[in-house]
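As provided, work.cif (mmCIF, C-alpha atoms and all ligand atoms) reads as follows.
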data_data
#
loop_
_atom_site.label_atom_id
_atom_site.label_comp_id
_atom_site.auth_asym_id
_atom_site.auth_seq_id
_atom_site.Cartn_x
_atom_site.Cartn_y
_atom_site.Cartn_z
CA MET Z 511 181.01 -193.51 -169.71
CA ALA Z 512 179.36 -193.59 -173.15
CA ILE Z 513 175.94 -195.24 -173.12
CA PRO Z 514 174.67 -196.35 -176.52
CA PHE Z 515 170.97 -196.09 -177.36
CA LEU Z 516 171.03 -199.77 -178.26
CA ASP Z 517 173.66 -202.47 -177.75
CA LEU Z 518 173.13 -205.56 -179.87
CA ALA Z 519 176.74 -206.78 -179.72
CA GLN Z 520 176.46 -208.03 -176.15
CA VAL Z 521 173.61 -210.47 -176.69
CA HIS Z 522 175.28 -211.83 -179.81
CA ARG Z 523 178.49 -212.37 -177.84
CA GLU Z 524 176.54 -214.37 -175.26
CA LEU Z 525 174.69 -216.48 -177.85
CA ARG Z 526 177.53 -216.68 -180.34
CA ASP Z 527 178.17 -220.44 -180.10
CA GLU Z 528 174.50 -221.32 -180.51
CA ILE Z 529 174.09 -218.92 -183.43
CA VAL Z 530 177.22 -220.19 -185.18
CA ALA Z 531 175.94 -223.76 -184.72
CA VAL Z 532 172.69 -222.82 -186.48
CA VAL Z 533 174.58 -221.32 -189.41
CA GLY Z 534 176.82 -224.41 -189.56
CA ALA Z 535 173.86 -226.78 -189.57
CA ALA Z 536 172.22 -224.82 -192.39
CA LEU Z 537 175.45 -224.92 -194.42
CA ASP Z 538 175.80 -228.66 -193.88
CA ARG Z 539 172.26 -229.32 -195.00
CA SER Z 540 172.24 -226.54 -197.61
CA HIS Z 541 168.69 -225.77 -196.61
CA PHE Z 542 168.41 -222.01 -196.77
CA VAL Z 543 164.78 -221.12 -197.43
CA GLY Z 544 161.83 -222.76 -195.69
CA GLY Z 545 162.21 -226.25 -194.25
CA ASP Z 546 162.45 -227.68 -190.72
CA LEU Z 547 164.03 -224.67 -189.05
CA VAL Z 548 161.26 -222.38 -190.30
CA GLU Z 549 158.53 -224.79 -189.24
CA ALA Z 550 160.07 -225.27 -185.81
CA PHE Z 551 160.25 -221.52 -185.25
CA GLU Z 552 156.68 -221.01 -186.47
CA HIS Z 553 155.49 -223.64 -184.04
CA ASP Z 554 157.33 -222.05 -181.11
CA PHE Z 555 156.34 -218.48 -181.90
CA ALA Z 556 152.65 -219.44 -182.26
CA ALA Z 557 152.86 -221.04 -178.80
CA PHE Z 558 154.59 -217.95 -177.40
CA SER Z 559 151.92 -215.63 -178.81
CA GLY Z 560 149.00 -217.87 -177.87
CA THR Z 561 147.77 -218.49 -181.42
CA ARG Z 562 147.12 -221.62 -183.44
CA PHE Z 563 149.17 -220.53 -186.45
CA CYS Z 564 152.31 -218.59 -187.25
CA VAL Z 565 153.59 -217.94 -190.77
CA GLY Z 566 157.21 -216.80 -191.07
CA VAL Z 567 157.91 -214.17 -193.72
CA SER Z 568 160.73 -211.91 -194.79
CA SER Z 569 159.84 -208.76 -192.80
CA GLY Z 570 157.25 -207.11 -190.61
CA THR Z 571 156.11 -205.01 -193.57
CA ASP Z 572 155.43 -208.15 -195.62
CA ALA Z 573 153.69 -209.71 -192.61
CA LEU Z 574 151.27 -206.79 -192.40
CA ARG Z 575 150.72 -206.62 -196.16
CA PHE Z 576 150.07 -210.39 -196.43
CA ALA Z 577 147.77 -210.39 -193.39
CA LEU Z 578 145.68 -207.58 -194.89
CA ILE Z 579 145.44 -209.22 -198.30
CA ALA Z 580 144.66 -212.64 -196.80
CA ALA Z 581 141.99 -211.09 -194.58
CA GLY Z 582 140.26 -209.84 -197.73
CA VAL Z 583 141.36 -206.20 -197.94
CA ARG Z 584 141.18 -205.17 -201.58
CA SER Z 585 141.94 -202.22 -203.82
CA GLY Z 586 139.09 -199.78 -203.44
CA ASP Z 587 139.03 -200.28 -199.65
CA THR Z 588 140.11 -197.87 -196.99
CA VAL Z 589 142.04 -199.13 -193.94
CA VAL Z 590 142.18 -197.00 -190.81
CA THR Z 591 145.34 -196.74 -188.71
CA VAL Z 592 147.19 -194.11 -186.66
CA PRO Z 593 149.54 -191.43 -188.02
CA PHE Z 594 151.98 -191.92 -185.12
CA THR Z 595 153.81 -195.03 -186.29
CA PHE Z 596 156.65 -196.16 -188.53
CA ILE Z 597 155.89 -195.62 -192.22
CA ALA Z 598 155.69 -199.40 -192.81
CA THR Z 599 152.18 -199.52 -191.31
CA ALA Z 600 150.87 -197.20 -194.03
CA GLU Z 601 153.03 -198.77 -196.75
CA ALA Z 602 151.57 -202.21 -196.05
CA ILE Z 603 148.05 -200.80 -196.37
CA SER Z 604 148.81 -199.04 -199.68
CA GLN Z 605 150.68 -202.04 -201.01
CA ALA Z 606 147.73 -204.28 -200.20
CA GLY Z 607 145.91 -202.00 -202.64
CA ALA Z 608 143.89 -200.05 -200.07
CA GLN Z 609 144.02 -196.40 -199.10
CA PRO Z 610 145.28 -195.57 -195.62
CA ASP Z 611 143.22 -193.24 -193.47
CA PHE Z 612 144.02 -192.13 -189.94
CA VAL Z 613 142.57 -191.47 -186.51
CA ASP Z 614 144.58 -189.68 -183.84
CA ILE Z 615 146.28 -191.29 -180.86
CA ASP Z 616 145.58 -191.13 -177.16
CA PRO Z 617 148.29 -188.67 -176.03
CA ARG Z 618 149.04 -190.66 -172.87
CA THR Z 619 149.50 -194.14 -174.33
CA TYR Z 620 150.50 -193.01 -177.88
CA THR Z 621 148.24 -195.74 -179.29
CA MET Z 622 144.97 -195.49 -181.24
CA SER Z 623 142.33 -193.51 -179.38
CA PRO Z 624 139.11 -195.57 -179.27
CA GLU Z 625 137.11 -192.34 -178.79
CA ARG Z 626 138.63 -190.85 -181.93
CA LEU Z 627 137.95 -194.08 -183.80
CA ARG Z 628 134.31 -194.01 -182.65
CA THR Z 629 133.86 -190.40 -183.75
CA TYR Z 630 135.51 -191.17 -187.09
CA LEU Z 631 133.24 -194.17 -187.76
CA GLU Z 632 130.05 -192.50 -186.55
CA ARG Z 633 130.64 -189.58 -188.92
CA CYS Z 634 130.96 -191.89 -191.93
CA ALA Z 635 128.02 -192.41 -194.27
CA ARG Z 636 127.18 -196.11 -194.66
CA ASP Z 637 127.40 -198.04 -197.91
CA PRO Z 638 123.73 -198.83 -198.67
CA ARG Z 639 124.60 -202.29 -199.99
CA THR Z 640 127.07 -203.58 -197.39
CA GLY Z 641 126.42 -201.24 -194.47
CA ARG Z 642 130.15 -200.48 -194.28
CA PRO Z 643 131.25 -196.99 -193.27
CA ILE Z 644 132.50 -194.84 -196.17
CA SER Z 645 135.60 -192.78 -195.42
CA ARG Z 646 134.80 -189.09 -195.80
CA ARG Z 647 138.29 -188.42 -197.14
CA THR Z 648 138.83 -191.31 -199.56
CA GLY Z 649 135.18 -191.87 -200.47
CA THR Z 650 135.69 -195.64 -200.31
CA PRO Z 651 134.42 -198.21 -197.79
CA VAL Z 652 136.46 -198.91 -194.67
CA SER Z 653 137.19 -202.64 -194.41
CA ALA Z 654 139.81 -202.91 -191.66
CA ILE Z 655 141.43 -201.25 -188.66
CA VAL Z 656 145.16 -201.54 -187.90
CA PRO Z 657 145.94 -200.56 -184.30
CA VAL Z 658 149.67 -200.24 -183.63
CA HIS Z 659 151.06 -201.54 -180.33
CA LEU Z 660 153.61 -198.76 -180.12
CA TYR Z 661 156.74 -198.89 -177.93
CA GLY Z 662 155.76 -202.37 -176.67
CA GLN Z 663 152.32 -201.46 -175.31
CA ILE Z 664 149.09 -202.91 -176.67
CA ALA Z 665 146.40 -200.49 -177.85
CA ASP Z 666 143.07 -200.48 -175.94
CA MET Z 667 141.76 -203.46 -177.90
CA ASP Z 668 138.41 -204.12 -176.12
CA ALA Z 669 137.01 -200.79 -177.28
CA ILE Z 670 138.53 -201.16 -180.75
CA LEU Z 671 137.13 -204.69 -181.18
CA ASP Z 672 133.67 -203.52 -180.04
CA LEU Z 673 133.68 -200.76 -182.65
CA ALA Z 674 134.96 -203.18 -185.30
CA ALA Z 675 132.09 -205.57 -184.54
CA ARG Z 676 129.54 -202.76 -184.59
CA PHE Z 677 130.74 -201.50 -188.00
CA GLY Z 678 131.61 -204.89 -189.56
CA LEU Z 679 135.37 -204.28 -189.77
CA LEU Z 680 138.40 -206.56 -189.58
CA VAL Z 681 141.14 -205.88 -187.03
CA ILE Z 682 144.77 -206.64 -187.88
CA GLU Z 683 147.29 -205.83 -185.13
CA ASP Z 684 150.58 -204.16 -185.96
CA ALA Z 685 152.47 -206.00 -183.21
CA CYS Z 686 155.90 -205.28 -184.73
CA GLN Z 687 157.07 -203.65 -181.45
CA ALA Z 688 155.16 -205.80 -178.98
CA HIS Z 689 156.38 -209.44 -178.88
CA GLY Z 690 155.00 -210.86 -175.64
CA ALA Z 691 153.16 -207.72 -174.50
CA GLU Z 692 149.95 -208.41 -172.57
CA TYR Z 693 146.55 -206.78 -172.40
CA LEU Z 694 143.86 -207.34 -169.77
CA SER Z 695 140.68 -207.80 -171.75
CA ARG Z 696 137.97 -206.67 -169.34
CA ARG Z 697 135.28 -208.21 -171.48
CA ASP Z 698 137.04 -211.60 -171.62
CA GLY Z 699 138.24 -211.32 -168.01
CA ARG Z 700 141.75 -212.47 -168.89
CA TRP Z 701 145.17 -211.32 -170.02
CA ARG Z 702 145.80 -211.73 -173.72
CA THR Z 703 149.10 -211.70 -175.58
CA ALA Z 704 149.95 -209.37 -178.47
CA GLY Z 705 149.19 -211.05 -181.76
CA SER Z 706 146.31 -213.15 -180.42
CA ILE Z 707 143.68 -210.41 -180.09
CA GLY Z 708 142.72 -209.34 -183.62
CA LEU Z 709 141.89 -211.55 -186.60
CA ALA Z 710 145.64 -211.65 -187.33
CA ALA Z 711 148.80 -209.78 -186.38
CA ALA Z 712 152.09 -208.75 -187.93
CA PHE Z 713 155.43 -209.10 -186.15
CA SER Z 714 158.83 -207.79 -187.22
CA PHE Z 715 162.10 -209.46 -186.27
CA TYR Z 716 164.25 -206.59 -187.49
CA PRO Z 717 167.49 -206.78 -185.44
CA SER Z 718 166.56 -204.00 -182.98
CA LYS Z 719 163.10 -205.40 -182.09
CA ASN Z 720 162.54 -207.24 -178.78
CA LEU Z 721 162.99 -210.48 -180.74
CA GLY Z 722 165.43 -209.69 -183.53
CA ALA Z 723 166.97 -211.77 -186.30
CA CYS Z 724 170.52 -211.26 -187.59
CA GLY Z 725 168.99 -209.84 -190.74
CA GLU Z 726 165.42 -209.29 -191.94
CA ALA Z 727 162.46 -211.42 -190.81
CA GLY Z 728 158.81 -211.19 -189.79
CA ALA Z 729 155.74 -213.32 -189.05
CA ILE Z 730 151.96 -213.39 -189.10
CA THR Z 731 150.08 -214.91 -186.18
CA THR Z 732 146.41 -215.93 -186.33
CA ASP Z 733 143.87 -218.50 -185.17
CA ASP Z 734 142.29 -218.54 -188.63
CA GLY Z 735 143.50 -221.54 -190.65
CA ASP Z 736 142.31 -220.16 -194.00
CA LEU Z 737 144.03 -216.85 -193.41
CA ALA Z 738 147.27 -218.65 -192.44
CA HIS Z 739 147.03 -220.81 -195.56
CA THR Z 740 146.60 -217.76 -197.81
CA CYS Z 741 149.61 -216.10 -196.14
CA ARG Z 742 151.67 -219.23 -196.89
CA LEU Z 743 150.66 -218.93 -200.54
CA LEU Z 744 151.32 -215.18 -200.67
CA ARG Z 745 154.86 -215.48 -199.28
CA ASP Z 746 155.80 -218.10 -201.89
CA HIS Z 747 154.57 -216.83 -205.29
CA GLY Z 748 151.11 -218.27 -204.64
CA GLN Z 749 152.44 -221.83 -204.77
CA SER Z 750 150.40 -224.61 -203.13
CA ALA Z 751 152.76 -227.26 -204.58
CA LYS Z 752 155.83 -226.94 -206.76
CA TYR Z 753 154.83 -224.87 -209.83
CA ALA Z 754 151.16 -224.97 -208.86
CA HIS Z 755 150.57 -221.22 -208.55
CA ASP Z 756 147.02 -220.82 -207.26
CA ILE Z 757 147.21 -217.06 -206.91
CA GLU Z 758 149.70 -214.35 -207.77
CA GLY Z 759 151.90 -213.95 -204.74
CA TYR Z 760 155.21 -212.46 -203.68
CA ASN Z 761 158.73 -213.49 -202.78
CA GLY Z 762 158.37 -213.02 -199.04
CA ARG Z 763 159.69 -216.18 -197.40
CA LEU Z 764 161.58 -216.52 -194.12
CA ASP Z 765 165.07 -217.91 -194.54
CA ALA Z 766 166.17 -220.93 -192.56
CA ILE Z 767 169.22 -219.37 -190.90
CA GLN Z 768 167.13 -216.48 -189.56
CA ALA Z 769 164.46 -218.90 -188.33
CA GLY Z 770 167.09 -220.98 -186.54
CA ILE Z 771 168.58 -217.89 -184.90
CA LEU Z 772 165.11 -216.70 -183.89
CA SER Z 773 164.41 -220.07 -182.24
CA VAL Z 774 167.60 -219.73 -180.20
CA LYS Z 775 166.66 -216.20 -179.13
CA LEU Z 776 163.00 -216.97 -178.48
CA ARG Z 777 164.05 -219.17 -175.55
CA HIS Z 778 165.34 -216.02 -173.82
CA LEU Z 779 162.58 -213.60 -174.79
CA THR Z 780 160.41 -213.89 -171.67
CA ARG Z 781 163.43 -213.15 -169.47
CA TRP Z 782 164.58 -210.28 -171.72
CA ASN Z 783 161.11 -208.72 -171.63
CA GLU Z 784 161.09 -209.02 -167.85
CA GLN Z 785 164.50 -207.28 -167.71
CA ARG Z 786 163.14 -204.49 -169.90
CA ARG Z 787 160.19 -204.11 -167.51
CA GLU Z 788 162.57 -203.97 -164.53
CA ASN Z 789 164.67 -201.36 -166.31
CA ALA Z 790 161.52 -199.35 -167.02
CA ARG Z 791 160.56 -199.45 -163.33
CA ARG Z 792 164.07 -198.32 -162.41
CA TYR Z 793 163.86 -195.36 -164.82
CA ASP Z 794 160.39 -194.56 -163.39
CA LYS Z 795 161.88 -194.30 -159.91
CA LEU Z 796 165.05 -192.49 -160.93
CA LEU Z 797 163.13 -189.93 -162.96
CA ALA Z 798 160.19 -189.49 -160.59
CA ASP Z 799 161.60 -186.16 -159.34
CA ALA Z 800 161.84 -184.85 -162.89
CA ASN Z 801 158.15 -185.55 -163.38
CA ALA Z 802 157.17 -181.87 -163.36
CA ALA Z 803 159.34 -181.19 -166.43
CA LEU Z 804 159.04 -184.56 -168.09
CA ASP Z 805 156.22 -187.03 -168.81
CA LEU Z 806 157.18 -190.63 -168.12
CA PRO Z 807 155.63 -193.59 -169.98
CA TYR Z 808 152.04 -194.28 -168.95
CA GLU Z 809 151.16 -197.93 -168.42
CA PRO Z 810 147.45 -198.36 -167.65
CA GLU Z 811 146.50 -201.12 -165.21
CA TRP Z 812 145.19 -203.17 -168.16
CA SER Z 813 148.58 -203.20 -169.86
CA ARG Z 814 151.87 -205.06 -169.41
CA SER Z 815 154.19 -203.31 -171.80
CA VAL Z 816 157.37 -205.02 -172.99
CA TYR Z 817 159.11 -201.62 -173.33
CA HIS Z 818 160.48 -201.99 -176.82
CA LEU Z 819 161.27 -198.33 -176.16
CA TYR Z 820 161.28 -196.21 -173.01
CA VAL Z 821 159.90 -192.88 -174.18
CA VAL Z 822 159.78 -189.66 -172.17
CA ARG Z 823 158.13 -186.50 -173.29
CA LEU Z 824 159.02 -182.84 -172.81
CA ALA Z 825 158.69 -179.48 -174.51
CA ASP Z 826 162.38 -178.88 -175.27
CA ARG Z 827 163.10 -182.40 -176.47
CA ASP Z 828 165.77 -181.37 -178.97
CA LYS Z 829 167.81 -179.57 -176.31
CA LEU Z 830 167.66 -182.56 -173.99
CA GLN Z 831 168.71 -184.85 -176.83
CA ALA Z 832 171.71 -182.61 -177.59
CA ALA Z 833 172.64 -182.37 -173.90
CA LEU Z 834 172.59 -186.16 -173.54
CA ALA Z 835 174.59 -186.59 -176.75
CA SER Z 836 177.26 -184.24 -175.40
CA ARG Z 837 177.64 -186.62 -172.46
CA GLY Z 838 177.90 -189.66 -174.72
CA ILE Z 839 174.33 -190.86 -174.14
CA GLY Z 840 172.53 -192.12 -177.24
CA THR Z 841 168.80 -191.48 -177.69
CA GLY Z 842 166.25 -191.88 -180.49
CA ILE Z 843 163.08 -190.18 -181.73
CA HIS Z 844 160.17 -192.46 -182.59
CA TYR Z 845 158.96 -190.75 -184.71
CA PRO Z 846 159.90 -187.18 -185.63
CA VAL Z 847 157.33 -186.77 -188.43
CA PRO Z 848 153.85 -188.32 -188.27
CA VAL Z 849 153.01 -190.42 -191.31
CA HIS Z 850 150.39 -188.02 -192.73
CA LEU Z 851 153.03 -185.25 -192.96
CA LEU Z 852 155.71 -187.36 -194.67
CA LYS Z 853 156.65 -186.31 -198.20
CA ALA Z 854 155.77 -189.83 -199.35
CA TYR Z 855 152.14 -189.19 -198.39
CA GLU Z 856 151.77 -185.64 -199.72
CA LEU Z 857 149.30 -186.98 -202.24
CA LEU Z 858 146.86 -187.85 -199.45
CA GLY Z 859 146.31 -184.11 -199.06
CA LEU Z 860 146.46 -184.18 -195.25
CA ARG Z 861 147.77 -181.16 -193.40
CA ARG Z 862 149.36 -180.05 -190.17
CA GLY Z 863 146.55 -179.69 -187.65
CA ASP Z 864 144.65 -182.77 -188.86
CA PHE Z 865 145.98 -185.01 -186.05
CA PRO Z 866 147.13 -182.65 -183.29
CA ASP Z 867 148.00 -185.26 -180.66
CA ALA Z 868 150.23 -187.22 -183.03
CA GLU Z 869 151.81 -183.99 -184.29
CA GLN Z 870 152.55 -182.72 -180.80
CA ALA Z 871 153.95 -186.09 -179.67
CA ALA Z 872 156.27 -186.10 -182.69
CA THR Z 873 157.89 -182.85 -181.46
CA GLN Z 874 158.16 -183.94 -177.81
CA VAL Z 875 159.04 -187.63 -177.51
CA LEU Z 876 162.53 -188.89 -176.73
CA SER Z 877 163.53 -192.55 -176.45
CA LEU Z 878 166.14 -193.23 -173.76
CA PRO Z 879 168.56 -196.18 -173.90
CA MET Z 880 166.56 -199.38 -173.32
CA TYR Z 881 167.65 -202.99 -173.66
CA PRO Z 882 167.68 -206.03 -171.36
CA GLU Z 883 171.43 -205.73 -170.69
CA LEU Z 884 171.27 -202.07 -169.66
CA LEU Z 885 172.94 -201.73 -166.24
CA ALA Z 886 171.56 -199.96 -163.18
CA GLU Z 887 174.59 -197.64 -163.11
CA GLN Z 888 174.05 -196.76 -166.76
CA GLN Z 889 170.44 -195.87 -165.96
CA CYS Z 890 171.62 -193.76 -163.01
CA ALA Z 891 173.98 -191.90 -165.34
CA VAL Z 892 171.19 -191.30 -167.87
CA SER Z 893 168.89 -190.07 -165.13
CA ALA Z 894 171.56 -187.80 -163.64
CA ALA Z 895 172.20 -186.26 -167.07
CA VAL Z 896 168.46 -185.70 -167.60
CA GLN Z 897 168.08 -184.09 -164.17
CA ALA Z 898 171.15 -181.89 -164.69
CA HIS Z 899 169.73 -180.63 -167.97
CA ILE Z 900 166.38 -179.86 -166.38
CA ALA Z 901 168.03 -178.06 -163.45
CA GLU Z 902 170.10 -175.94 -165.86
CA GLY Z 903 167.02 -175.02 -167.85
CA MET Z 904 165.27 -173.89 -164.67
CA GLY Z 905 168.28 -171.79 -163.65
CA SER Z 906 168.41 -169.98 -166.97
CA THR Z 907 164.73 -169.01 -167.15
C1 LIG I 1001 159.51 -202.37 -187.42
C2 LIG I 1001 158.11 -202.00 -187.67
C3 LIG I 1001 157.44 -202.37 -188.86
C4 LIG I 1001 158.12 -202.99 -190.03
O1 LIG I 1001 158.87 -204.11 -189.80
P1 LIG I 1001 160.08 -204.48 -190.81
O2 LIG I 1001 160.49 -205.84 -190.34
O3 LIG I 1001 161.13 -203.45 -190.64
O4 LIG I 1001 159.51 -204.52 -192.19
C5 LIG I 1001 156.09 -202.08 -188.96
N1 LIG I 1001 155.43 -201.43 -187.98
C6 LIG I 1001 156.05 -201.03 -186.85
C7 LIG I 1001 155.24 -200.32 -185.81
C8 LIG I 1001 157.40 -201.29 -186.67
O5 LIG I 1001 158.01 -200.86 -185.56
#
Would you mind writing the file out in structure tokens?
Amino acid sequence: MAIPFLDLAQVHRELRDEIVAVVGAALDRSHFVGGDLVEAFEHDFAAFSGTRFCVGVSSGTDALRFALIAAGVRSGDTVVTVPFTFIATAEAISQAGAQPDFVDIDPRTYTMSPERLRTYLERCARDPRTGRPISRRTGTPVSAIVPVHLYGQIADMDAILDLAARFGLLVIEDACQAHGAEYLSRRDGRWRTAGSIGLAAAFSFYPSKNLGACGEAGAITTDDGDLAHTCRLLRDHGQSAKYAHDIEGYNGRLDAIQAGILSVKLRHLTRWNEQRRENARRYDKLLADANAALDLPYEPEWSRSVYHLYVVRLADRDKLQAALASRGIGTGIHYPVPVHLLKAYELLGLRRGDFPDAEQAATQVLSLPMYPELLAEQQCAVSAAVQAHIAEGMGST
């Protein structure tokens, strides 16, 4: 029984009639960019995320870039994020004109370590004029923090927001993997949804995300009306009315067919996320015996992850990946090279050893098959293959 890492065909079979109807309606009206379908989706996704505004754009990368620019990040700024993320987080920072800088992750949650962030900020000199911390590496003032809600789990935002307030920094969430994830804010005494915690947040609707388009799409969520307005300008060449270009913008709009498809899928997202959480609990139980050889995902009591990925961790990751592949089980590695060691960022001058927790995670993490439709017997087969590999390894040493 082959088990793919991801199976998108099944959900599209189930929703086929509704999706085809959306495409048909768009063809009939010949409304392909912007319009009612985009506005309807924006309205629904803002409600889902618990924010006042949602601005649909063409990708998660654009969402993050526009959110940073609209928040006031400028060239000559430094923006702090984590090295253990998809490259798009750093690209959006650079393409907003700022320089990315990094703090290491918490090795248990794989998200930004608030302690590391505190140490980083406390070691910075302060700009005498603005009081902002000056990055020791870039020599320019830090203006924003971008925590990444990796694998569907929200970073420890209370501590990050406290530090941001203390140092006068903006917080933009990279929520591209965390649609619907929840975080218990101990200082607010309530659960908060991904995308509603920072000043603004970026979501991706790349097909494999928890909410995926049938193509490229993304969105910004925020409670800040001015920021939302600026994002609307930025996605559409800076236009406030036809040919009234108030600022220089981009071509980063959300197309109507994708918005319509996203509205159809959004109606199922809460249930899909719940199925992912059930599947995660099933893996937790099935793999509990392997716990000595394998770290399972860590979900603190303040977190309700939506398990975009189910990631285990072990020393001989590559051998386990090969063993699973030989049994027809697909896996993934998110991510094999931390951003600061990518060729694209050689110019930053960062080296191996600069972010040891991210570097070690990159060599040890393995993403098992995870999607709402994954069957219990498929999970049993994955678990049996993992346990067999571990048992073999123990026999041979
Ligand atoms: C997917 C993703 C992005 C980029 O989204 P795109 O829609 O592919 O541009 C950014 N950050 C993270 C953490 C992601 O997983």
Enclosing box along x, y and z for every listed atom of segment 856-874 of chain Z, padded 8 Å each side, centre and size in Å, one decimal, as lines of an AutoDock Vina configuration file:
center_x = 151.4
center_y = -183.8
center_z = -190.0
size_x = 29.5
size_y = 24.2
size_z = 40.4
Shell of 12 Å around Ala833 of chain Z, only C-alpha atoms, local chain residues under 2 positions omitted, as a PyMOL selection string | chain Z and resi 826-831+835-841+892+894-900+902-903
Of the residues Z:Gln768, Z:Arg792, Z:Ser893, Z:Thr873, which is the one nearest to His541 of chain Z, using all atoms listed in the file?
-> Z:Gln768
List the spatial neighbours of Tyr793 of chain Z as a short mmCIF file (atom, residue, chain, number, x, y, z; two decimals) with C-alpha atoms, keeping the file's coordinate frame - criterion: any atom at most 10 Å away, only C-alpha atoms, same-chain residues fewer than 5 positions off excluded.
data_model
loop_
_atom_site.label_atom_id
_atom_site.label_comp_id
_atom_site.auth_asym_id
_atom_site.auth_seq_id
_atom_site.Cartn_x
_atom_site.Cartn_y
_atom_site.Cartn_z
CA ARG Z 787 160.19 -204.11 -167.51
CA GLU Z 788 162.57 -203.97 -164.53
CA ALA Z 798 160.19 -189.49 -160.59
CA LEU Z 806 157.18 -190.63 -168.12
CA PRO Z 807 155.63 -193.59 -169.98
CA TYR Z 820 161.28 -196.21 -173.01
CA LEU Z 878 166.14 -193.23 -173.76
CA MET Z 880 166.56 -199.38 -173.32
CA ALA Z 886 171.56 -199.96 -163.18
CA GLN Z 889 170.44 -195.87 -165.96
CA CYS Z 890 171.62 -193.76 -163.01
CA VAL Z 892 171.19 -191.30 -167.87
CA SER Z 893 168.89 -190.07 -165.13
#
So which residues touch segment 755-766 of chain Z within 6 Å, counting only C-alpha atoms, skipping near sequence neighbours fewer than 4 positions away, as a list in words?
-> Phe542, Val543, Gly544, Leu547, Val548, Gly566, Val567, Ser568, Leu744, Arg745, Asp746, His747, Gly748 and Gln749 of chain Z
How would the residues just picked look written out with C-alpha atoms as a compact mmCIF listing (two decimals), in the coordinates of the input?
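Now in again_39.txt:
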# COMPACT_ATOMS: atom_id res chain seq x y z
CA PHE Z 542 168.41 -222.01 -196.77
CA VAL Z 543 164.78 -221.12 -197.43
CA GLY Z 544 161.83 -222.76 -195.69
CA LEU Z 547 164.03 -224.67 -189.05
CA VAL Z 548 161.26 -222.38 -190.30
CA GLY Z 566 157.21 -216.80 -191.07
CA VAL Z 567 157.91 -214.17 -193.72
CA SER Z 568 160.73 -211.91 -194.79
CA LEU Z 744 151.32 -215.18 -200.67
CA ARG Z 745 154.86 -215.48 -199.28
CA ASP Z 746 155.80 -218.10 -201.89
CA HIS Z 747 154.57 -216.83 -205.29
CA GLY Z 748 151.11 -218.27 -204.64
CA GLN Z 749 152.44 -221.83 -204.77
Enumerate residues in contact with ligand LIG 1001 (chain I): an atom-to-atom distance of at most 10 Å, counting all atoms listed in the file. Format the result as number ranges by chain.
-> Z: 567-575, 594-602, 657-662, 683-688, 712-719, 722-723, 725-729, 818, 844
Restrict the selected residues to C-alpha atoms and save them as a tab-separated table (two decimals), in the frame of the given file.
chain	number	residue	atom	x	y	z
Z	567	VAL	CA	157.91	-214.17	-193.72
Z	568	SER	CA	160.73	-211.91	-194.79
Z	569	SER	CA	159.84	-208.76	-192.80
Z	570	GLY	CA	157.25	-207.11	-190.61
Z	571	THR	CA	156.11	-205.01	-193.57
Z	572	ASP	CA	155.43	-208.15	-195.62
Z	573	ALA	CA	153.69	-209.71	-192.61
Z	574	LEU	CA	151.27	-206.79	-192.40
Z	575	ARG	CA	150.72	-206.62	-196.16
Z	594	PHE	CA	151.98	-191.92	-185.12
Z	595	THR	CA	153.81	-195.03	-186.29
Z	596	PHE	CA	156.65	-196.16	-188.53
Z	597	ILE	CA	155.89	-195.62	-192.22
Z	598	ALA	CA	155.69	-199.40	-192.81
Z	599	THR	CA	152.18	-199.52	-191.31
Z	600	ALA	CA	150.87	-197.20	-194.03
Z	601	GLU	CA	153.03	-198.77	-196.75
Z	602	ALA	CA	151.57	-202.21	-196.05
Z	657	PRO	CA	145.94	-200.56	-184.30
Z	658	VAL	CA	149.67	-200.24	-183.63
Z	659	HIS	CA	151.06	-201.54	-180.33
Z	660	LEU	CA	153.61	-198.76	-180.12
Z	661	TYR	CA	156.74	-198.89	-177.93
Z	662	GLY	CA	155.76	-202.37	-176.67
Z	683	GLU	CA	147.29	-205.83	-185.13
Z	684	ASP	CA	150.58	-204.16	-185.96
Z	685	ALA	CA	152.47	-206.00	-183.21
Z	686	CYS	CA	155.90	-205.28	-184.73
Z	687	GLN	CA	157.07	-203.65	-181.45
Z	688	ALA	CA	155.16	-205.80	-178.98
Z	712	ALA	CA	152.09	-208.75	-187.93
Z	713	PHE	CA	155.43	-209.10	-186.15
Z	714	SER	CA	158.83	-207.79	-187.22
Z	715	PHE	CA	162.10	-209.46	-186.27
Z	716	TYR	CA	164.25	-206.59	-187.49
Z	717	PRO	CA	167.49	-206.78	-185.44
Z	718	SER	CA	166.56	-204.00	-182.98
Z	719	LYS	CA	163.10	-205.40	-182.09
Z	722	GLY	CA	165.43	-209.69	-183.53
Z	723	ALA	CA	166.97	-211.77	-186.30
Z	725	GLY	CA	168.99	-209.84	-190.74
Z	726	GLU	CA	165.42	-209.29	-191.94
Z	727	ALA	CA	162.46	-211.42	-190.81
Z	728	GLY	CA	158.81	-211.19	-189.79
Z	729	ALA	CA	155.74	-213.32	-189.05
Z	818	HIS	CA	160.48	-201.99	-176.82
Z	844	HIS	CA	160.17	-192.46	-182.59
Calculate how many Å separate atom CA of Leu680 of chain Z from atom CA of Val656 of chain Z, rounding to one decimal.
->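 For atom CA of Leu680 of chain Z relative to atom CA of Val656 of chain Z, the distance reads 8.6 Å.
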